[in-house]
file query.pdb (PDB, C-alpha atoms)
ATOM      1  CA  MET A  13      -3.790  24.098 -27.867
ATOM      2  CA  LYS A  14      -1.691  24.555 -30.962
ATOM      3  CA  LEU A  15       0.946  21.887 -31.611
ATOM      4  CA  THR A  16       3.811  22.518 -34.020
ATOM      5  CA  ILE A  17       6.360  19.851 -34.909
ATOM      6  CA  GLN A  18       9.327  20.763 -37.088
ATOM      7  CA  GLU A  19      11.426  17.895 -38.430
ATOM      8  CA  ASP A  20      14.900  18.959 -39.476
ATOM      9  CA  GLY A  21      17.748  16.541 -40.145
ATOM     10  CA  SER A  22      20.359  19.156 -39.230
ATOM     11  CA  VAL A  23      19.121  19.508 -35.635
ATOM     12  CA  ARG A  24      21.614  17.892 -33.244
ATOM     13  CA  GLU A  25      19.654  18.058 -30.034
ATOM     14  CA  THR A  26      15.869  17.869 -29.850
ATOM     15  CA  GLU A  27      14.444  21.030 -28.346
ATOM     16  CA  ILE A  28      10.943  21.498 -26.944
ATOM     17  CA  THR A  29       9.699  25.024 -26.349
ATOM     18  CA  ILE A  30       6.393  25.674 -24.606
ATOM     19  CA  ARG A  31       4.826  29.076 -25.241
ATOM     20  CA  CYS A  32       1.977  29.776 -22.882
ATOM     21  CA  ALA A  33       0.245  32.574 -20.990
ATOM     22  CA  CYS A  34       0.482  30.735 -17.685
ATOM     23  CA  LEU A  35       2.230  27.543 -16.587
ATOM     24  CA  ASP A  36      -0.808  25.826 -15.062
ATOM     25  CA  GLN A  37      -0.985  22.456 -13.292
ATOM     26  CA  ARG A  38      -1.639  20.458 -16.469
ATOM     27  CA  LEU A  39       1.292  22.063 -18.226
ATOM     28  CA  GLN A  40       3.499  21.397 -15.213
ATOM     29  CA  LYS A  41       2.565  17.707 -15.476
ATOM     30  CA  LEU A  42       3.420  17.801 -19.160
ATOM     31  CA  VAL A  43       6.793  19.377 -18.329
ATOM     32  CA  GLY A  44       7.334  16.573 -15.784
ATOM     33  CA  GLN A  45       6.625  13.966 -18.465
ATOM     34  CA  ILE A  46       8.990  15.671 -20.904
ATOM     35  CA  ARG A  47      11.692  15.704 -18.241
ATOM     36  CA  GLN A  48      11.071  11.981 -17.661
ATOM     37  CA  TYR A  49      11.523  11.417 -21.390
ATOM     38  CA  GLY A  50      14.919  13.110 -21.267
ATOM     39  CA  PHE A  51      16.063  11.400 -18.069
ATOM     40  CA  CYS A  52      18.143   8.226 -18.182
ATOM     41  CA  LEU A  53      19.535   5.958 -15.517
ATOM     42  CA  THR A  54      22.886   4.271 -15.859
ATOM     43  CA  GLY A  55      22.705   0.499 -15.693
ATOM     44  CA  TYR A  56      25.498  -2.064 -15.787
ATOM     45  CA  GLN A  57      25.660  -5.599 -17.120
ATOM     46  CA  GLU A  58      29.011  -7.157 -16.246
ATOM     47  CA  SER A  59      31.452  -4.399 -17.248
ATOM     48  CA  ARG A  60      29.236  -2.794 -19.894
ATOM     49  CA  GLN A  61      27.448   0.456 -19.214
ATOM     50  CA  PHE A  62      24.001   1.335 -20.592
ATOM     51  CA  GLN A  63      21.928   4.504 -20.570
ATOM     52  CA  LEU A  64      18.368   3.365 -19.809
ATOM     53  CA  PRO A  65      15.466   5.722 -20.590
ATOM     54  CA  LEU A  66      13.231   6.015 -17.545
ATOM     55  CA  GLU A  67      10.091   4.961 -19.392
ATOM     56  CA  THR A  68      11.644   1.563 -20.179
ATOM     57  CA  ILE A  69      12.272   0.703 -16.521
ATOM     58  CA  CYS A  70       9.521  -1.353 -14.862
ATOM     59  CA  TYR A  71      10.859  -1.166 -11.319
ATOM     60  CA  LEU A  72      13.956  -0.776  -9.193
ATOM     61  CA  GLU A  73      14.753  -3.185  -6.423
ATOM     62  CA  SER A  74      17.349  -3.311  -3.710
ATOM     63  CA  ILE A  75      18.640  -6.790  -2.843
ATOM     64  CA  ASP A  76      21.344  -7.305  -0.220
ATOM     65  CA  GLY A  77      22.363  -3.657  -0.447
ATOM     66  CA  LYS A  78      22.656  -3.712  -4.241
ATOM     67  CA  THR A  79      20.269  -1.847  -6.544
ATOM     68  CA  PHE A  80      18.891  -3.439  -9.687
ATOM     69  CA  LEU A  81      16.927  -1.906 -12.565
ATOM     70  CA  TYR A  82      14.338  -4.160 -14.194
ATOM     71  CA  GLN A  83      13.193  -3.685 -17.755
ATOM     72  CA  GLU A  84      10.598  -6.001 -19.283
ATOM     73  CA  LYS A  85      13.250  -8.590 -20.144
ATOM     74  CA  GLU A  86      16.618  -7.287 -18.960
ATOM     75  CA  VAL A  87      18.055  -6.651 -15.510
ATOM     76  CA  TYR A  88      20.843  -4.146 -14.856
ATOM     77  CA  ALA A  89      22.853  -3.330 -11.782
ATOM     78  CA  CYS A  90      22.873   0.271 -10.606
ATOM     79  CA  HIS A  91      25.517   1.975  -8.506
ATOM     80  CA  GLU A  92      23.109   4.340  -6.759
ATOM     81  CA  THR A  93      20.862   3.549  -3.809
ATOM     82  CA  LEU A  94      17.062   3.607  -3.908
ATOM     83  CA  ALA A  95      17.055   6.424  -1.342
ATOM     84  CA  ALA A  96      19.269   8.549  -3.592
ATOM     85  CA  LEU A  97      17.169   7.841  -6.684
ATOM     86  CA  GLU A  98      13.751   8.192  -5.057
ATOM     87  CA  PRO A  99      13.474  12.023  -5.048
ATOM     88  CA  GLN A 100      14.325  12.142  -8.754
ATOM     89  CA  LEU A 101      11.946   9.330  -9.655
ATOM     90  CA  ILE A 102       8.936  10.210  -7.556
ATOM     91  CA  ARG A 103       8.036  13.152  -9.823
ATOM     92  CA  SER A 104       8.363  10.999 -12.917
ATOM     93  CA  GLY A 105       5.548   8.532 -12.346
ATOM     94  CA  PHE A 106       7.435   6.214 -10.013
ATOM     95  CA  ALA A 107       6.273   5.260  -6.535
ATOM     96  CA  ARG A 108       7.825   3.510  -3.561
ATOM     97  CA  ILE A 109       5.856   0.304  -2.886
ATOM     98  CA  SER A 110       8.037  -1.287  -0.231
ATOM     99  CA  LYS A 111      11.253  -0.648   1.632
ATOM    100  CA  SER A 112      13.193  -2.304  -1.169
ATOM    101  CA  CYS A 113      11.219  -1.464  -4.306
ATOM    102  CA  ILE A 114      10.250   1.543  -6.448
ATOM    103  CA  LEU A 115       7.708   0.884  -9.193
ATOM    104  CA  ASN A 116       7.044   2.678 -12.478
ATOM    105  CA  ILE A 117       3.259   3.184 -12.239
ATOM    106  CA  ALA A 118       2.959   3.053 -16.021
ATOM    107  CA  PHE A 119       3.839  -0.664 -15.828
ATOM    108  CA  LEU A 120       1.266  -1.420 -13.134
ATOM    109  CA  ASP A 121      -1.606  -3.352 -14.674
ATOM    110  CA  TYR A 122      -3.831  -3.926 -11.627
ATOM    111  CA  VAL A 123      -3.698  -4.817  -7.954
ATOM    112  CA  GLU A 124      -5.144  -7.734  -6.001
ATOM    113  CA  PRO A 125      -5.811  -7.872  -2.274
ATOM    114  CA  LEU A 126      -3.379 -10.020  -0.354
ATOM    115  CA  PHE A 127      -3.362 -11.397   3.185
ATOM    116  CA  ASN A 128      -1.498  -9.480   5.868
ATOM    117  CA  HIS A 129      -2.847  -6.053   4.786
ATOM    118  CA  ARG A 130      -0.808  -5.937   1.610
ATOM    119  CA  LEU A 131      -1.578  -5.648  -2.083
ATOM    120  CA  LYS A 132      -0.220  -7.689  -4.943
ATOM    121  CA  ALA A 133       0.804  -5.468  -7.859
ATOM    122  CA  MET A 134       0.437  -7.242 -11.194
ATOM    123  CA  LEU A 135       2.691  -5.735 -13.826
ATOM    124  CA  LYS A 136       2.005  -5.591 -17.544
ATOM    125  CA  ASN A 137       4.844  -8.026 -18.238
ATOM    126  CA  GLY A 138       3.227 -10.673 -16.001
ATOM    127  CA  GLU A 139       5.491 -10.170 -12.991
ATOM    128  CA  SER A 140       4.047  -9.468  -9.579
ATOM    129  CA  LEU A 141       5.336  -7.344  -6.710
ATOM    130  CA  ILE A 142       4.143  -6.768  -3.160
ATOM    131  CA  ILE A 143       2.870  -3.355  -2.057
ATOM    132  CA  ASN A 144       3.440  -3.154   1.682
ATOM    133  CA  ARG A 145       0.736  -1.753   3.948
ATOM    134  CA  ASN A 146       2.683   1.416   4.805
ATOM    135  CA  TYR A 147       3.012   2.358   1.151
ATOM    136  CA  ILE A 148      -0.576   1.726   0.007
ATOM    137  CA  GLU A 149      -2.010   5.060   1.150
ATOM    138  CA  PRO A 150       0.866   7.232  -0.183
ATOM    139  CA  LEU A 151       0.579   5.428  -3.533
ATOM    140  CA  ARG A 152      -3.189   5.963  -3.591
ATOM    141  CA  ARG A 153      -2.630   9.659  -2.797
ATOM    142  CA  GLN A 154      -0.055   9.853  -5.562
ATOM    143  CA  LEU A 155      -2.544   8.391  -8.036
ATOM    144  CA  LYS A 156      -5.297  10.735  -6.855
ATOM    145  CA  GLY A 157      -3.067  13.793  -6.776
ATOM    146  CA  ASP A 158      -1.771  13.137 -10.229
ATOM    147  CA  SER A 159      -5.184  12.405 -11.687
ATOM    148  CA  VAL A 160      -6.764  15.717 -10.539
TER     149      VAL A 160
ATOM    150  CA  MET B  30     -21.829  13.217   3.505
ATOM    151  CA  LYS B  31     -21.257   9.546   4.355
ATOM    152  CA  LYS B  32     -17.551  10.248   4.930
ATOM    153  CA  GLU B  33     -18.436  13.217   7.128
ATOM    154  CA  ILE B  34     -20.840  11.141   9.253
ATOM    155  CA  LEU B  35     -18.322   8.304   9.576
ATOM    156  CA  SER B  36     -15.478  10.598  10.641
ATOM    157  CA  ARG B  37     -17.661  12.409  13.197
ATOM    158  CA  LEU B  38     -19.048   9.114  14.509
ATOM    159  CA  SER B  39     -15.544   7.679  14.961
ATOM    160  CA  ALA B  40     -14.446  10.870  16.717
ATOM    161  CA  ALA B  41     -17.426  10.570  19.086
ATOM    162  CA  CYS B  42     -16.599   6.888  19.719
ATOM    163  CA  VAL B  43     -12.955   7.680  20.499
ATOM    164  CA  LEU B  44     -14.018  10.454  22.876
ATOM    165  CA  PHE B  45     -16.598   8.207  24.571
ATOM    166  CA  THR B  46     -13.968   5.483  25.054
ATOM    167  CA  LEU B  47     -11.473   7.945  26.519
ATOM    168  CA  VAL B  48     -14.055   9.378  28.941
ATOM    169  CA  LEU B  49     -15.119   5.878  30.005
ATOM    170  CA  LEU B  50     -11.517   4.788  30.418
ATOM    171  CA  CYS B  51     -10.581   7.852  32.462
ATOM    172  CA  SER B  52     -13.634   7.362  34.652
ATOM    173  CA  CYS B  53     -12.754   3.686  35.253
ATOM    174  CA  LEU B  54      -9.111   4.490  36.015
ATOM    175  CA  TRP B  55     -10.268   7.193  38.435
ATOM    176  CA  ASN B  56     -12.535   4.675  40.182
ATOM    177  CA  ILE B  57      -9.706   2.160  40.507
ATOM    178  CA  LEU B  58      -7.193   4.753  41.726
ATOM    179  CA  SER B  59      -9.639   6.050  44.321
ATOM    180  CA  GLY B  60     -10.172   2.521  45.669
ATOM    181  CA  ASN B  61     -13.707   2.050  44.375
ATOM    182  CA  TYR B  62     -13.390  -1.605  43.320
ATOM    183  CA  GLY B  63     -17.116  -2.342  43.582
ATOM    184  CA  SER B  64     -17.873  -0.855  40.162
ATOM    185  CA  SER B  65     -17.303  -2.501  36.788
ATOM    186  CA  SER B  66     -14.094  -0.523  36.201
ATOM    187  CA  TRP B  67     -11.706  -3.484  35.999
ATOM    188  CA  PRO B  68     -13.503  -5.295  33.162
ATOM    189  CA  VAL B  69     -13.664  -2.089  31.102
ATOM    190  CA  VAL B  70      -9.949  -1.408  31.536
ATOM    191  CA  LEU B  71      -9.121  -5.059  30.837
ATOM    192  CA  ILE B  72     -11.215  -5.088  27.654
ATOM    193  CA  PHE B  73      -9.462  -1.911  26.530
ATOM    194  CA  VAL B  74      -6.060  -3.499  27.217
ATOM    195  CA  LEU B  75      -7.218  -6.594  25.291
ATOM    196  CA  LEU B  76      -8.237  -4.516  22.260
ATOM    197  CA  VAL B  77      -4.947  -2.607  22.283
ATOM    198  CA  GLY B  78      -3.153  -5.958  22.635
ATOM    199  CA  ILE B  79      -5.013  -7.417  19.650
ATOM    200  CA  GLU B  80      -4.080  -4.386  17.541
ATOM    201  CA  ALA B  81      -0.436  -4.615  18.644
ATOM    202  CA  VAL B  82      -0.323  -8.347  17.879
ATOM    203  CA  ASP B  83      -1.937  -7.748  14.489
ATOM    204  CA  TYR B  84       0.704  -5.119  13.718
ATOM    205  CA  LEU B  85       3.562  -7.389  14.820
ATOM    206  CA  ILE B  86       2.171 -10.291  12.778
ATOM    207  CA  SER B  87       1.945  -8.008   9.741
ATOM    208  CA  LEU B  88       5.727  -7.496   9.968
ATOM    209  CA  ILE B  89       6.391 -11.225   9.561
ATOM    210  CA  PRO B  90       6.981 -12.192   5.917
ATOM    211  CA  PHE B  91       4.644 -15.210   5.698
ATOM    212  CA  ARG B  92       4.961 -17.295   2.571
ATOM    213  CA  THR B  93       1.374 -18.452   2.399
ATOM    214  CA  CYS B  94      -1.976 -17.124   3.442
ATOM    215  CA  ARG B  95      -2.564 -20.299   5.464
ATOM    216  CA  GLN B  96       0.537 -19.658   7.617
ATOM    217  CA  TYR B  97      -0.589 -16.099   8.259
ATOM    218  CA  ARG B  98      -4.140 -17.094   9.174
ATOM    219  CA  PHE B  99      -2.989 -19.927  11.444
ATOM    220  CA  CYS B 100      -0.526 -17.683  13.290
ATOM    221  CA  SER B 101      -3.081 -14.879  13.636
ATOM    222  CA  VAL B 102      -5.896 -17.161  14.877
ATOM    223  CA  ALA B 103      -3.632 -18.957  17.385
ATOM    224  CA  VAL B 104      -1.999 -15.853  18.894
ATOM    225  CA  ASN B 105      -5.291 -13.989  19.178
ATOM    226  CA  TYR B 106      -6.943 -17.077  20.714
ATOM    227  CA  VAL B 107      -4.360 -17.152  23.503
ATOM    228  CA  LEU B 108      -4.779 -13.420  24.086
ATOM    229  CA  VAL B 109      -8.588 -13.501  24.175
ATOM    230  CA  PHE B 110      -8.654 -16.678  26.272
ATOM    231  CA  LEU B 111      -6.346 -15.178  28.907
ATOM    232  CA  ALA B 112      -8.460 -12.010  29.025
ATOM    233  CA  TRP B 113     -11.661 -14.055  29.376
ATOM    234  CA  LEU B 114     -10.071 -16.060  32.196
ATOM    235  CA  CYS B 115      -9.011 -12.859  33.970
ATOM    236  CA  LEU B 116     -12.535 -11.497  33.588
ATOM    237  CA  GLY B 117     -13.922 -14.761  34.966
ATOM    238  CA  TRP B 118     -16.321 -15.132  32.045
ATOM    239  CA  VAL B 119     -15.274 -18.711  31.273
ATOM    240  CA  PRO B 120     -16.075 -21.369  33.853
ATOM    241  CA  GLN B 121     -13.083 -23.661  33.968
ATOM    242  CA  ASN B 122     -14.559 -26.888  32.610
ATOM    243  CA  VAL B 123     -14.117 -28.671  29.277
ATOM    244  CA  TRP B 124     -17.549 -27.849  27.836
ATOM    245  CA  SER B 125     -17.354 -24.124  28.506
ATOM    246  CA  ILE B 126     -13.843 -23.981  27.033
ATOM    247  CA  LEU B 127     -15.065 -25.878  23.955
ATOM    248  CA  ALA B 128     -18.038 -23.536  23.610
ATOM    249  CA  PHE B 129     -15.739 -20.536  24.010
ATOM    250  CA  SER B 130     -13.330 -21.905  21.377
ATOM    251  CA  LEU B 131     -16.151 -22.586  18.919
ATOM    252  CA  GLY B 132     -17.598 -19.107  19.451
ATOM    253  CA  TYR B 133     -14.160 -17.572  19.005
ATOM    254  CA  LEU B 134     -13.597 -19.432  15.739
ATOM    255  CA  ILE B 135     -17.031 -18.437  14.376
ATOM    256  CA  PHE B 136     -16.507 -14.761  15.274
ATOM    257  CA  TYR B 137     -12.969 -14.837  13.960
ATOM    258  CA  ARG B 138     -14.175 -16.238  10.631
ATOM    259  CA  LEU B 139     -16.930 -13.609  10.377
ATOM    260  CA  ILE B 140     -14.441 -10.805  11.091
ATOM    261  CA  GLN B 141     -12.072 -12.324   8.536
ATOM    262  CA  LEU B 142     -14.831 -12.428   5.898
ATOM    263  CA  TYR B 143     -15.671  -8.791   6.610
ATOM    264  CA  PHE B 144     -12.046  -7.696   6.197
ATOM    265  CA  ASP B 145     -11.620  -9.838   3.071
ATOM    266  CA  ALA B 146     -14.619  -8.076   1.507
ATOM    267  CA  LYS B 147     -13.249  -4.698   2.624
ATOM    268  CA  ARG B 148      -9.869  -5.419   1.074
ATOM    269  CA  GLN B 149     -11.540  -6.504  -2.177
ATOM    270  CA  ALA B 150     -13.416  -3.198  -2.276
ATOM    271  CA  GLU B 151     -10.204  -1.279  -1.530
ATOM    272  CA  ALA B 152      -8.381  -3.052  -4.333
ATOM    273  CA  ALA B 153     -11.256  -2.300  -6.734
ATOM    274  CA  ASP B 154     -11.113   1.377  -5.720
ATOM    275  CA  PHE B 155      -7.354   1.361  -6.195
ATOM    276  CA  ASN B 156      -7.771  -0.103  -9.685
ATOM    277  CA  ARG B 157     -10.284   2.630 -10.545
ATOM    278  CA  GLN B 158      -7.781   5.278  -9.438
ATOM    279  CA  LEU B 159      -5.129   3.573 -11.505
ATOM    280  CA  GLU B 160      -7.393   3.598 -14.560
ATOM    281  CA  LEU B 161      -7.981   7.360 -14.136
ATOM    282  CA  TRP B 162      -4.263   7.956 -13.734
ATOM    283  CA  ARG B 163      -3.579   5.933 -16.872
ATOM    284  CA  LYS B 164      -6.101   7.939 -18.909
ATOM    285  CA  GLN B 165      -4.419  11.173 -17.888
ATOM    286  CA  HIS B 166      -0.831  10.087 -18.243
ATOM    287  CA  GLN B 167      -0.541   7.736 -21.137
ATOM    288  CA  ALA B 168      -0.356   9.172 -24.608
ATOM    289  CA  PRO B 169      -2.747   7.649 -27.154
ATOM    290  CA  ASP B 170      -1.242   5.190 -29.596
ATOM    291  CA  PRO B 171      -0.402   7.103 -32.842
ATOM    292  CA  GLN B 172      -1.618   4.106 -34.852
ATOM    293  CA  ASP B 173      -5.104   4.588 -33.395
ATOM    294  CA  HIS B 174      -4.978   8.334 -34.143
ATOM    295  CA  PRO B 175      -3.190   8.857 -37.478
ATOM    296  CA  ASP B 176      -4.101  12.571 -37.424
ATOM    297  CA  LEU B 177      -1.874  13.203 -34.368
TER     298      LEU B 177
END
call {"tool": "encode", "arguments": {"input": "query.pdb", "output": "structure tokens"}}
result
Amino acid sequence: MKLTIQEDGSVRETEITIRCACLDQRLQKLVGQIRQYGFCLTGYQESRQFQLPLETICYLESIDGKTFLYQEKEVYACHETLAALEPQLIRSGFARISKSCILNIAFLDYVEPLFNHRLKAMLKNGESLIINRNYIEPLRRQLKGDSV
Amino acid sequence: MKKEILSRLSAACVLFTLVLLCSCLWNILSGNYGSSSWPVVLIFVLLVGIEAVDYLISLIPFRTCRQYRFCSVAVNYVLVFLAWLCLGWVPQNVWSILAFSLGYLIFYRLIQLYFDAKRQAEAADFNRQLELWRKQHQAPDPQDHPDL
């Protein structure tokens, strides 16, 4: 595959063009990753608004009906629900791990078995989350499907 | 091949159980109480009950593994003990109840050890899948590959 990068200070918006004979599965994955790169979520801290690139978000959690976005060190409130965000996120390397949590798989370091048919997800920043039994198999399928 | 054998074996077991169950129910409904139909139906009800209890327990958010294990062992003990009493397999004296309890605890521990080992293997498999996913999805560090 030929890769051409043109740096030009006058360019206002970065543009990626893919020229190919056929958009195969690997290229589709690449397109998905590029879309993730360009996709931001809006997070709030007090009255300030932030545009958070998707790849910086470790996980999203819903607590008492409110949605929160967790980066490695910062936490932001989000005005959208997990159910509304899930379809957008699921194609961008995120996975639902419980009723109240969506995890960015890129931040998942490893899992440990836990009592009560659950798994403990250890994140790269040292935090741990619970993967509920109903979400283990879909997550495994997501990993397998994506790794083919 | 192993997966194929296991799936076909489980299908045969399910079919065998259903045939046996239907036959026993037919015997009971047609008034043939002399056969061993009741114990078979009761054991089936017990197994379904154990599964249902296990599912209900899995919905409870236990804080520690000890709480979960204690709850599981106690509830299942009551269930199995009642079934054994109904089947008339436990003579109602102190020594037989003690022997039954000891046997139950030993079997319970063995089953627990088996499932612990199974969960460890599942977690290891999950981590392998995760490693594959990571290799496919994470870009190499440019510092390690200056030519990129």
call {"tool": "residues_around", "arguments": {"input": "query.pdb", "residues": "Trp67 in chain B", "least_positions_apart": "6", "cutoff": "9 Å", "atoms": "all atoms listed in the file", "output": "list of chain:residue names"}}
result
B:Cys53, B:Leu54, B:Ile57, B:Leu116
call {"tool": "axis_aligned_box", "arguments": {"input": "query.pdb", "around": "range 66-79 of chain B", "padding_each_side": "5 Å", "output": "lines of an AutoDock Vina configuration file"}}
result
center_x = -8.6
center_y = -4.0
center_z = 27.9
size_x = 20.9
size_y = 16.9
size_z = 26.6
call {"tool": "closest_atom_pairs", "arguments": {"input": "query.pdb", "of": "chain A", "to": "chain B", "cutoff": "8 Å", "atoms": "only C-alpha atoms", "output": "JSON lines"}}
result
{"residue": "A:Ala118", "atom": "CA", "partner": "B:Arg163", "partner_atom": "CA", "distance": 7.2}
{"residue": "A:Tyr122", "atom": "CA", "partner": "B:Asn156", "partner_atom": "CA", "distance": 5.8}
{"residue": "A:Val123", "atom": "CA", "partner": "B:Ala152", "partner_atom": "CA", "distance": 6.2}
{"residue": "A:Glu124", "atom": "CA", "partner": "B:Ala152", "partner_atom": "CA", "distance": 5.9}
{"residue": "A:Pro125", "atom": "CA", "partner": "B:Arg148", "partner_atom": "CA", "distance": 5.8}
{"residue": "A:Phe127", "atom": "CA", "partner": "B:Cys94", "partner_atom": "CA", "distance": 5.9}
{"residue": "A:Asn128", "atom": "CA", "partner": "B:Ser87", "partner_atom": "CA", "distance": 5.4}
{"residue": "A:His129", "atom": "CA", "partner": "B:Ser87", "partner_atom": "CA", "distance": 7.2}
{"residue": "A:Leu131", "atom": "CA", "partner": "B:Ala152", "partner_atom": "CA", "distance": 7.6}
{"residue": "A:Arg152", "atom": "CA", "partner": "B:Phe155", "partner_atom": "CA", "distance": 6.7}
{"residue": "A:Leu155", "atom": "CA", "partner": "B:Trp162", "partner_atom": "CA", "distance": 6.0}
{"residue": "A:Lys156", "atom": "CA", "partner": "B:Gln158", "partner_atom": "CA", "distance": 6.5}
{"residue": "A:Asp158", "atom": "CA", "partner": "B:Trp162", "partner_atom": "CA", "distance": 6.7}
{"residue": "A:Ser159", "atom": "CA", "partner": "B:Trp162", "partner_atom": "CA", "distance": 5.0}
call {"tool": "resolve_selection", "arguments": {"input": "query.pdb", "expression": "the PyMOL selection byres ((chain A and resi 39-46) around 9)", "output": "short mmCIF file (atom, residue, chain, number, x, y, z; two decimals) with C-alpha atoms, in the coordinates of the input"}}
result
data_model
loop_
_atom_site.label_atom_id
_atom_site.label_comp_id
_atom_site.auth_asym_id
_atom_site.auth_seq_id
_atom_site.Cartn_x
_atom_site.Cartn_y
_atom_site.Cartn_z
CA ILE A 28 10.94 21.50 -26.94
CA ILE A 30 6.39 25.67 -24.61
CA CYS A 34 0.48 30.74 -17.68
CA LEU A 35 2.23 27.54 -16.59
CA ASP A 36 -0.81 25.83 -15.06
CA GLN A 37 -0.98 22.46 -13.29
CA ARG A 38 -1.64 20.46 -16.47
CA ARG A 47 11.69 15.70 -18.24
CA GLN A 48 11.07 11.98 -17.66
CA TYR A 49 11.52 11.42 -21.39
CA GLY A 50 14.92 13.11 -21.27
CA PHE A 51 16.06 11.40 -18.07
CA ARG A 103 8.04 13.15 -9.82
CA SER A 104 8.36 11.00 -12.92
CA GLY A 105 5.55 8.53 -12.35
CA ASP A 158 -1.77 13.14 -10.23
CA HIS B 166 -0.83 10.09 -18.24
#
call {"tool": "resolve_selection", "arguments": {"input": "query.pdb", "expression": "the PyMOL selection byres ((chain A and resi 114) around 10)", "output": "list in words"}}
result
Cys70, Tyr71, Leu72, Glu73, Ser74, Leu81, Leu94, Ala95, Leu97, Glu98, Leu101, Ile102, Phe106, Ala107, Arg108, Ile109, Ser110, Lys111, Ser112, Cys113, Leu115, Asn116, Ile117 and Ile143 of chain A
call {"tool": "atom_distance", "arguments": {"input": "query.pdb", "atom1": "CA of Asn105 in chain B", "atom2": "CA of Leu76 in chain B"}}
result
10.4 Å
call {"tool": "resolve_selection", "arguments": {"input": "query.pdb", "expression": "the PyMOL selection byres ((chain A and resi 134) around 8)", "output": "JSON, numbers by chain"}}
result
{"A": [120, 121, 122, 123, 124, 132, 133, 135, 136, 138, 139, 140, 141]}
call {"tool": "write_last_selection", "arguments": {"input": "query.pdb", "atoms": "C-alpha atoms", "output": "PDB file, in the coordinates of the input"}}
result
ATOM      1  CA  LEU A 120       1.266  -1.420 -13.134  1.00  0.00           C
ATOM      2  CA  ASP A 121      -1.606  -3.352 -14.674  1.00  0.00           C
ATOM      3  CA  TYR A 122      -3.831  -3.926 -11.627  1.00  0.00           C
ATOM      4  CA  VAL A 123      -3.698  -4.817  -7.954  1.00  0.00           C
ATOM      5  CA  GLU A 124      -5.144  -7.734  -6.001  1.00  0.00           C
ATOM      6  CA  LYS A 132      -0.220  -7.689  -4.943  1.00  0.00           C
ATOM      7  CA  ALA A 133       0.804  -5.468  -7.859  1.00  0.00           C
ATOM      8  CA  LEU A 135       2.691  -5.735 -13.826  1.00  0.00           C
ATOM      9  CA  LYS A 136       2.005  -5.591 -17.544  1.00  0.00           C
ATOM     10  CA  GLY A 138       3.227 -10.673 -16.001  1.00  0.00           C
ATOM     11  CA  GLU A 139       5.491 -10.170 -12.991  1.00  0.00           C
ATOM     12  CA  SER A 140       4.047  -9.468  -9.579  1.00  0.00           C
ATOM     13  CA  LEU A 141       5.336  -7.344  -6.710  1.00  0.00           C
TER      14      LEU A 141
END
call {"tool": "decode", "arguments": {"input": "query.pdb", "residues": "range 122-131 of chain A", "atoms": "N, CA, C and O atoms", "output": "mmCIF file, in the first residue's frame"}}
result
data_model
loop_
_atom_site.group_PDB
_atom_site.id
_atom_site.type_symbol
_atom_site.label_atom_id
_atom_site.label_comp_id
_atom_site.auth_asym_id
_atom_site.auth_seq_id
_atom_site.Cartn_x
_atom_site.Cartn_y
_atom_site.Cartn_z
ATOM 1 N N TYR A 122 -6.464 -5.801 30.761
ATOM 2 C CA TYR A 122 -6.723 -7.244 30.845
ATOM 3 C C TYR A 122 -7.960 -7.486 31.702
ATOM 4 O O TYR A 122 -8.482 -6.539 32.309
ATOM 5 N N VAL A 123 -8.429 -8.709 31.691
ATOM 6 C CA VAL A 123 -9.587 -9.038 32.542
ATOM 7 C C VAL A 123 -9.209 -10.122 33.553
ATOM 8 O O VAL A 123 -8.291 -10.904 33.314
ATOM 9 N N GLU A 124 -9.930 -10.113 34.659
ATOM 10 C CA GLU A 124 -9.741 -11.150 35.693
ATOM 11 C C GLU A 124 -11.095 -11.782 35.974
ATOM 12 O O GLU A 124 -12.110 -11.085 35.939
ATOM 13 N N PRO A 125 -11.111 -13.085 36.249
ATOM 14 C CA PRO A 125 -12.403 -13.688 36.606
ATOM 15 C C PRO A 125 -12.868 -13.189 37.970
ATOM 16 O O PRO A 125 -12.053 -12.913 38.852
ATOM 17 N N LEU A 126 -14.170 -13.047 38.086
ATOM 18 C CA LEU A 126 -14.754 -12.543 39.322
ATOM 19 C C LEU A 126 -15.864 -13.494 39.741
ATOM 20 O O LEU A 126 -16.398 -14.212 38.901
ATOM 21 N N PHE A 127 -16.229 -13.493 41.006
ATOM 22 C CA PHE A 127 -17.334 -14.340 41.452
ATOM 23 C C PHE A 127 -18.625 -13.861 40.784
ATOM 24 O O PHE A 127 -18.665 -12.762 40.227
ATOM 25 N N ASN A 128 -19.646 -14.672 40.864
ATOM 26 C CA ASN A 128 -20.955 -14.286 40.343
ATOM 27 C C ASN A 128 -20.974 -14.132 38.822
ATOM 28 O O ASN A 128 -21.670 -13.274 38.281
ATOM 29 N N HIS A 129 -20.165 -14.961 38.125
ATOM 30 C CA HIS A 129 -20.157 -15.026 36.662
ATOM 31 C C HIS A 129 -19.818 -13.697 35.992
ATOM 32 O O HIS A 129 -20.327 -13.390 34.926
ATOM 33 N N ARG A 130 -19.017 -12.900 36.618
ATOM 34 C CA ARG A 130 -18.665 -11.620 36.007
ATOM 35 C C ARG A 130 -17.161 -11.551 35.783
ATOM 36 O O ARG A 130 -16.417 -12.413 36.245
ATOM 37 N N LEU A 131 -16.745 -10.524 35.048
ATOM 38 C CA LEU A 131 -15.309 -10.323 34.837
ATOM 39 C C LEU A 131 -14.934 -8.944 35.354
ATOM 40 O O LEU A 131 -15.734 -8.010 35.293
#
